[in-house]
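Asks: Okay, here's the structure, questions in a sec.
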Amino acid sequence: MIPVVGTPVKLRRLEREDLEALHAYKNDPDARSLLVGFSTGYSRTDLVDWLEYHRTRNDEVLFAIASVNNDECLGHVGLYEIDYRTRKAQFGILIGAPGARNKGWGTAISRTMLDFGFGELNLNKITGQYLTSNVRVRHMNLKLGFEDEGVLRDEVFRGGRYHDIGIMSVLRRNWEPLAEHTGEGEPSASHT
């Protein structure tokens with residue numbers, strides 16, 4: 001279990017008991033509209049397969065975002081496509097529970113994962129993708145030290161139109177000065 005400093009949430013292993021909550025979140029149109037990937041929704045069987053797939057991968061670290069109070073799964077966060085030779089990974093987060101969104105927890109959760117990636121996994125670069133229409137994600141990433149890498153124009157088709165995907169990354173050398181304090185002067189997450 002990894003506490004997320006300044007929030008009532010923690011990161012822990014995803015369990016089968018989380019699948020019912022994830023089923024609701026991954027099928028919520030509001031949550032899905034913010035994700036880069038295309039999805040027509042998930043069945044419960046799809047999610048069992050999804051969990052097993054991600055648990056067996058050696059190039060991923062995936063956590064449930066859970067309430068400290070009752071351990072309820074509120075979403076998930078992870079590092080994907082980890083390349084241990086070049087020391088880089090892809091970052092992704094889904095805060096699915098409507099009551100957990102828009103509280104600023106995404107920044108603290110993301111900071112915790114960056115600490116984990118750079119500190120525990122010895123990564124050098126973490127990259128994330130976002131819909132360019134999602135300005136909140138871009139703003140959060142900038143606070144966390146991410147820099148723009150580029151834009152994939154008309155990359156996804158959703159809702160009857162094409163959307164651009166922004167690519168941002170943060171390097172260890174840019175993260176380390178921010179590791180003690182970021183944005184609002186909040187202390188960085190701890191893994192103890």
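Each chain in the structure tokens gets a letter, A, B and so on, in the order shown; residues start at 1 in every chain, and ligands are counted from 1 in the order they appear.
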Would you please extract all helix (DSSP H, G or I) residues from segment 33-175 of chain A, as assigned by DSSP on the backbone, and give them as a compact mmCIF listing (two decimals) with N, CA and C atoms, in the first residue's frame?
Replies:
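The file below, result-v3.txt, is the result:
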# COMPACT_ATOMS: atom_id res chain seq x y z
N ARG A 44 -18.50 -7.50 -17.81
CA ARG A 44 -17.83 -8.00 -16.60
C ARG A 44 -16.76 -9.03 -16.98
N THR A 45 -17.06 -9.87 -17.96
CA THR A 45 -16.08 -10.86 -18.42
C THR A 45 -14.86 -10.16 -19.02
N ASP A 46 -15.09 -9.09 -19.79
CA ASP A 46 -13.98 -8.31 -20.34
C ASP A 46 -13.06 -7.83 -19.22
N LEU A 47 -13.64 -7.37 -18.13
CA LEU A 47 -12.83 -6.82 -17.04
C LEU A 47 -12.06 -7.90 -16.29
N VAL A 48 -12.62 -9.09 -16.17
CA VAL A 48 -11.87 -10.20 -15.57
C VAL A 48 -10.63 -10.46 -16.43
N ASP A 49 -10.84 -10.54 -17.75
CA ASP A 49 -9.72 -10.75 -18.67
C ASP A 49 -8.73 -9.59 -18.61
N TRP A 50 -9.24 -8.35 -18.52
CA TRP A 50 -8.40 -7.16 -18.44
C TRP A 50 -7.50 -7.22 -17.21
N LEU A 51 -8.09 -7.57 -16.06
CA LEU A 51 -7.31 -7.64 -14.82
C LEU A 51 -6.24 -8.71 -14.92
N GLU A 52 -6.59 -9.89 -15.40
CA GLU A 52 -5.61 -10.97 -15.50
C GLU A 52 -4.50 -10.61 -16.48
N TYR A 53 -4.86 -9.99 -17.58
CA TYR A 53 -3.86 -9.56 -18.57
C TYR A 53 -2.85 -8.61 -17.92
N HIS A 54 -3.33 -7.60 -17.22
CA HIS A 54 -2.43 -6.61 -16.63
C HIS A 54 -1.64 -7.19 -15.46
N ARG A 55 -2.19 -8.14 -14.75
CA ARG A 55 -1.46 -8.75 -13.64
C ARG A 55 -0.30 -9.61 -14.11
N THR A 56 -0.39 -10.16 -15.31
CA THR A 56 0.65 -11.07 -15.78
C THR A 56 1.76 -10.36 -16.55
N PRO A 98 -17.38 9.27 -9.67
CA PRO A 98 -17.75 10.68 -9.86
C PRO A 98 -17.46 11.55 -8.64
N GLY A 99 -17.65 11.02 -7.44
CA GLY A 99 -17.40 11.80 -6.23
C GLY A 99 -15.94 12.05 -5.94
N ALA A 100 -15.05 11.36 -6.65
CA ALA A 100 -13.61 11.52 -6.44
C ALA A 100 -12.97 12.43 -7.48
N TRP A 105 -7.10 15.51 -6.49
CA TRP A 105 -6.39 14.28 -6.11
C TRP A 105 -5.56 13.74 -7.26
N GLY A 106 -5.97 14.00 -8.49
CA GLY A 106 -5.24 13.50 -9.65
C GLY A 106 -3.79 13.95 -9.66
N THR A 107 -3.55 15.19 -9.24
CA THR A 107 -2.19 15.70 -9.18
C THR A 107 -1.38 14.94 -8.15
N ALA A 108 -1.94 14.73 -6.96
CA ALA A 108 -1.23 14.01 -5.90
C ALA A 108 -1.00 12.55 -6.28
N ILE A 109 -2.00 11.92 -6.89
CA ILE A 109 -1.85 10.53 -7.32
C ILE A 109 -0.77 10.44 -8.40
N SER A 110 -0.81 11.35 -9.35
CA SER A 110 0.20 11.35 -10.42
C SER A 110 1.59 11.59 -9.85
N ARG A 111 1.71 12.51 -8.90
CA ARG A 111 2.99 12.78 -8.25
C ARG A 111 3.51 11.51 -7.57
N THR A 112 2.63 10.79 -6.92
CA THR A 112 3.02 9.54 -6.26
C THR A 112 3.55 8.53 -7.27
N MET A 113 2.88 8.42 -8.42
CA MET A 113 3.34 7.48 -9.44
C MET A 113 4.66 7.92 -10.06
N LEU A 114 4.85 9.22 -10.24
CA LEU A 114 6.14 9.70 -10.75
C LEU A 114 7.25 9.40 -9.75
N ASP A 115 6.99 9.64 -8.46
CA ASP A 115 7.96 9.27 -7.43
C ASP A 115 8.30 7.79 -7.52
N PHE A 116 7.27 6.96 -7.68
CA PHE A 116 7.47 5.52 -7.76
C PHE A 116 8.29 5.17 -9.01
N GLY A 117 7.92 5.74 -10.14
CA GLY A 117 8.62 5.43 -11.38
C GLY A 117 10.08 5.85 -11.37
N PHE A 118 10.35 7.06 -10.91
CA PHE A 118 11.73 7.54 -10.90
C PHE A 118 12.51 6.97 -9.71
N GLY A 119 11.86 6.84 -8.56
CA GLY A 119 12.55 6.38 -7.36
C GLY A 119 12.70 4.88 -7.26
N GLU A 120 11.61 4.16 -7.41
CA GLU A 120 11.63 2.70 -7.22
C GLU A 120 12.03 1.94 -8.48
N VAL A 135 -7.98 20.30 -21.26
CA VAL A 135 -6.97 21.27 -20.82
C VAL A 135 -6.58 21.07 -19.35
N ARG A 136 -7.46 20.48 -18.56
CA ARG A 136 -7.14 20.25 -17.14
C ARG A 136 -5.99 19.27 -17.00
N VAL A 137 -5.98 18.23 -17.82
CA VAL A 137 -4.89 17.25 -17.75
C VAL A 137 -3.57 17.90 -18.16
N ARG A 138 -3.61 18.70 -19.21
CA ARG A 138 -2.38 19.37 -19.64
C ARG A 138 -1.86 20.29 -18.54
N HIS A 139 -2.75 21.04 -17.91
CA HIS A 139 -2.35 21.94 -16.82
C HIS A 139 -1.73 21.14 -15.66
N MET A 140 -2.37 20.03 -15.30
CA MET A 140 -1.83 19.18 -14.23
C MET A 140 -0.44 18.68 -14.60
N ASN A 141 -0.29 18.19 -15.83
CA ASN A 141 1.00 17.67 -16.25
C ASN A 141 2.09 18.74 -16.22
N LEU A 142 1.76 19.96 -16.62
CA LEU A 142 2.73 21.05 -16.57
C LEU A 142 3.17 21.31 -15.13
N LYS A 143 2.23 21.27 -14.18
CA LYS A 143 2.57 21.45 -12.76
C LYS A 143 3.53 20.37 -12.28
N ARG A 172 13.73 12.45 -15.62
CA ARG A 172 14.21 12.39 -14.23
C ARG A 172 14.89 13.70 -13.84
N ARG A 173 15.74 14.23 -14.70
CA ARG A 173 16.49 15.45 -14.35
C ARG A 173 15.58 16.66 -14.15
N ASN A 174 14.41 16.65 -14.79
CA ASN A 174 13.44 17.73 -14.58
C ASN A 174 12.55 17.46 -13.38
N TRP A 175 12.36 16.18 -13.05
CA TRP A 175 11.50 15.80 -11.94
C TRP A 175 12.20 16.01 -10.60
Asks: DSSP on the backbone, then: every residue of segment 62-192 of chain A marked strand (DSSP E or B), written as a ChimeraX atom specification.
Replies: /A:62-67,73-83,88-95,125-131,147-158,161-171,181-182,186-187
Asks: Counting only C-alpha atoms, which of A:Tyr162, A:Tyr130, A:Phe63, A:Tyr80 gets nearest to Gly37 of chain A?
Replies: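 Smallest separation from Gly37 of chain A among the options: A:Tyr130.
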Asks: Can you pull out every residue within 7 Å of Glu60 of chain A, counting only C-alpha atoms, but drop anything in the same chain fewer than 6 positions away, and send it as an MDAnalysis selection string?
Replies: chainID A and resid 79:82
Asks: Find the residues around Gly41 of chain A up to 8 Å (only C-alpha atoms counted), leave out those fewer than 2 positions away in its own chain, and share them as a list in words.
Replies: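 The residues satisfying every condition are Lys26, Asn27, Ser39 and Ser43 of chain A.
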Asks: Any idea what's packed within 9 Å of Leu34 of chain A, counting only C-alpha atoms, ignoring anything in its chain fewer than 6 positions away? Could you give it as an NGL selection string?
Replies: :A and (94 or 130-131 or 133-134)
Asks: Pull N, CA and C atoms from the residues just selected and write them as an mmCIF file, in the first residue's frame.
Replies:
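Written out: again-v1.cif:
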data_model
loop_
_atom_site.group_PDB
_atom_site.id
_atom_site.type_symbol
_atom_site.label_atom_id
_atom_site.label_comp_id
_atom_site.auth_asym_id
_atom_site.auth_seq_id
_atom_site.Cartn_x
_atom_site.Cartn_y
_atom_site.Cartn_z
ATOM 1 N N LEU A 94 -7.062 6.815 -14.356
ATOM 2 C CA LEU A 94 -8.517 6.939 -14.475
ATOM 3 C C LEU A 94 -9.089 7.092 -13.074
ATOM 4 N N TYR A 130 -2.870 12.622 -23.898
ATOM 5 C CA TYR A 130 -4.144 13.186 -23.455
ATOM 6 C C TYR A 130 -4.865 13.780 -24.655
ATOM 7 N N LEU A 131 -6.185 13.846 -24.566
ATOM 8 C CA LEU A 131 -6.959 14.556 -25.581
ATOM 9 C C LEU A 131 -6.663 16.041 -25.429
ATOM 10 N N SER A 133 -8.308 18.498 -26.060
ATOM 11 C CA SER A 133 -9.470 19.231 -25.545
ATOM 12 C C SER A 133 -9.551 19.174 -24.019
ATOM 13 N N ASN A 134 -8.793 18.278 -23.395
ATOM 14 C CA ASN A 134 -8.792 18.128 -21.943
ATOM 15 C C ASN A 134 -7.689 19.017 -21.358
#
Asks: Using only C-alpha atoms, can you tell me which of A:Ala89, A:Asn124, A:Val36, A:Ala97 comes closest to Glu20 of chain A?
Replies: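 Looking only at the distances to Glu20 of chain A, the closest residue turns out to be A:Ala97.
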Asks: For Leu171 of chain A, list every protein, DNA or RNA residue within 10 Å, evaluated using only C-alpha atoms, and leave out those in the same chain fewer than 4 positions away; present the list as number ranges by chain.
Replies: A: 88, 118, 123-127, 145-147, 175-176
